[in-house]
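Notes follow the structure.
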Amino acid sequence: QVQLVESGGDLVQAGGSLRLSCAASGSINQIAVIAWYRQAPGQQRELVATVNRAGNVNLADFVKGRFTVSRDNAKRIVNLQMNSLQSDDTATYYCHYRLYGVDYWGPGTRVTVSS
């Protein structure tokens with residue numbers, strides 16, 4: 001199966017920006033939807049954004065206007081651009097896809113926003 005690896009997590013000040021990347025080990029053409037989730041310490045994992053094969057994006061309300069997602073099928077990469085970061089955005093961010101009923105997750109990349 002295609003493996004996902006996230007990168008780009010860092011410590012950033014509130015109001016700053018980060019770009020996270022999700023790189024796939026193989027073709028993502030057969031993956032209909034790739035999602036970004038996040039999990040803050042002591043919290044449940046929550047959906048942040050999805051992007052489908054055609055590049056159509058859905059964003060959670062709490063990131064609308066601040067985050068964007070892009071997908072490059074040829075380069076096998078999905079990026080999450082995060083602007084106007086807030087302390088509430090502190091979390092580990094994960095890439096995810098589901099194929100034939102099986103969930104696949106990357107190991108995550110940690111984002112810490114200092115206020």
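Lettering and numbering for the structure tokens are positional, with chains as A, B, ... in the shown order, residues counted from 1 in each chain, and ligands counted from 1 in the shown order.
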
List every residue of region 48-102 of chain A that has an atom at most 9 Å from any atom of region 8-14 of chain A, and for each one report the closest atom pair and its distance in Å to one decimal, counting only C-alpha atoms, with rows sorted by chain and then by increasing residue number, as a Markdown table.
```
| residue | atom | partner | partner_atom | distance |
| --- | --- | --- | --- | --- |
| A:Ser84 | CA | A:Ala14 | CA | 7.0 |
| A:Leu85 | CA | A:Ala14 | CA | 5.3 |
| A:Gln86 | CA | A:Ala14 | CA | 5.0 |
| A:Ser87 | CA | A:Ala14 | CA | 6.3 |
| A:Thr92 | CA | A:Gly9 | CA | 8.2 |
| A:Tyr93 | CA | A:Gly9 | CA | 8.0 |
```

Could you give me the residues within chain A that DSSP places in strand (DSSP E or B), as a ChimeraX atom specification? /A:4-7,11-13,18-24,33-39,46-52,57-59,67-72,77-82,91-99,102-105,109-114

Name all residues at most 9 Å from Gly55 (chain A) (count only C-alpha atoms; drop same-chain ones fewer than 2 positions away) and give them as a PyMOL selection string. chain A and resi 51-53+57+69-72

Applying 10 Å and only C-alpha atoms, which residues near Ala23 (chain A) remain after dropping the ones on its own chain fewer than 3 positions away? List them as a tab-separated table (two decimals) with N, CA and C atoms, in the first residue's frame.
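Output contents, as saved in out19.tsv:
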```
chain	number	residue	atom	x	y	z
A	2	VAL	N	0.28	2.35	-0.37
A	2	VAL	CA	1.00	3.61	-0.40
A	2	VAL	C	1.17	4.14	1.02
A	3	GLN	N	2.40	4.45	1.37
A	3	GLN	CA	2.67	5.03	2.68
A	3	GLN	C	2.75	6.54	2.59
A	4	LEU	N	2.35	7.18	3.67
A	4	LEU	CA	2.37	8.64	3.75
A	4	LEU	C	3.34	9.09	4.83
A	5	VAL	N	4.06	10.15	4.56
A	5	VAL	CA	4.97	10.73	5.55
A	5	VAL	C	4.77	12.24	5.58
A	6	GLU	N	4.47	12.74	6.74
A	6	GLU	CA	4.28	14.17	6.91
A	6	GLU	C	5.60	14.85	7.28
A	7	SER	N	5.70	16.11	6.94
A	7	SER	CA	6.87	16.91	7.32
A	7	SER	C	6.46	18.38	7.40
A	20	LEU	N	2.79	22.35	5.81
A	20	LEU	CA	3.02	20.93	6.04
A	20	LEU	C	2.90	20.20	4.71
A	26	GLY	N	4.06	6.12	-3.23
A	26	GLY	CA	3.68	5.65	-4.56
A	26	GLY	C	2.59	6.53	-5.14
A	28	ILE	N	-0.74	8.30	-6.05
A	28	ILE	CA	-1.95	8.60	-5.29
A	28	ILE	C	-3.15	8.77	-6.22
A	72	ASP	N	-0.92	17.53	-5.51
A	72	ASP	CA	-0.22	17.36	-6.78
A	72	ASP	C	-0.07	15.87	-7.02
A	75	LYS	N	3.38	14.73	-8.44
A	75	LYS	CA	4.49	14.75	-7.47
A	75	LYS	C	4.18	13.91	-6.25
A	76	ARG	N	2.95	13.39	-6.17
A	76	ARG	CA	2.53	12.52	-5.06
A	76	ARG	C	2.66	13.25	-3.72
A	77	ILE	N	2.15	14.46	-3.68
A	77	ILE	CA	2.28	15.24	-2.46
A	77	ILE	C	1.01	16.06	-2.22
A	78	VAL	N	0.68	16.19	-0.94
A	78	VAL	CA	-0.45	17.02	-0.52
A	78	VAL	C	0.08	18.01	0.51
A	79	ASN	N	-0.15	19.28	0.27
A	79	ASN	CA	0.35	20.32	1.17
A	79	ASN	C	-0.79	20.96	1.95
A	95	CYS	N	-1.66	12.85	7.97
A	95	CYS	CA	-2.26	12.57	6.67
A	95	CYS	C	-3.02	11.27	6.77
A	106	GLY	N	-0.21	8.54	8.23
A	106	GLY	CA	1.19	8.83	8.36
A	106	GLY	C	1.56	8.90	9.83
```

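Minimum atom-to-atom distance to Ala49 (chain A), evaluated using only C-alpha atoms, belongs to A:Val63 out of A:Cys22, A:Ala32, A:Leu99, A:Val63.
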
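Taking chain A and asking which residues DSSP calls helix (DSSP H, G or I) on the backbone, you get Asp61, Phe62, Val63, Ser87, Asp88 and Asp89 of chain A.
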
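Counting only C-alpha atoms, the residue from A:Ala54, A:Ala91, A:Leu47, A:Ala35 that sits nearest to Asn73 (chain A) is A:Ala54.
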
Quick one: pull the distance between CA of Asn58 (chain A) and CA of Arg38 (chain A), Å, one decimal. 15.0 Å

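With only C-alpha atoms as the basis for measurement, A:Trp36 is the residue among A:Asn29, A:Gln1, A:Trp36, A:Leu59 that approaches Gly108 (chain A) most closely.
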
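Atom pair CA of Arg98 (chain A) / CA of Gln44 (chain A) has a distance of 18.9 Å (rounded to one decimal).
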
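Counting from CA of Asn83 (chain A), the distance to CA of Gly42 (chain A) is 24.0 Å.
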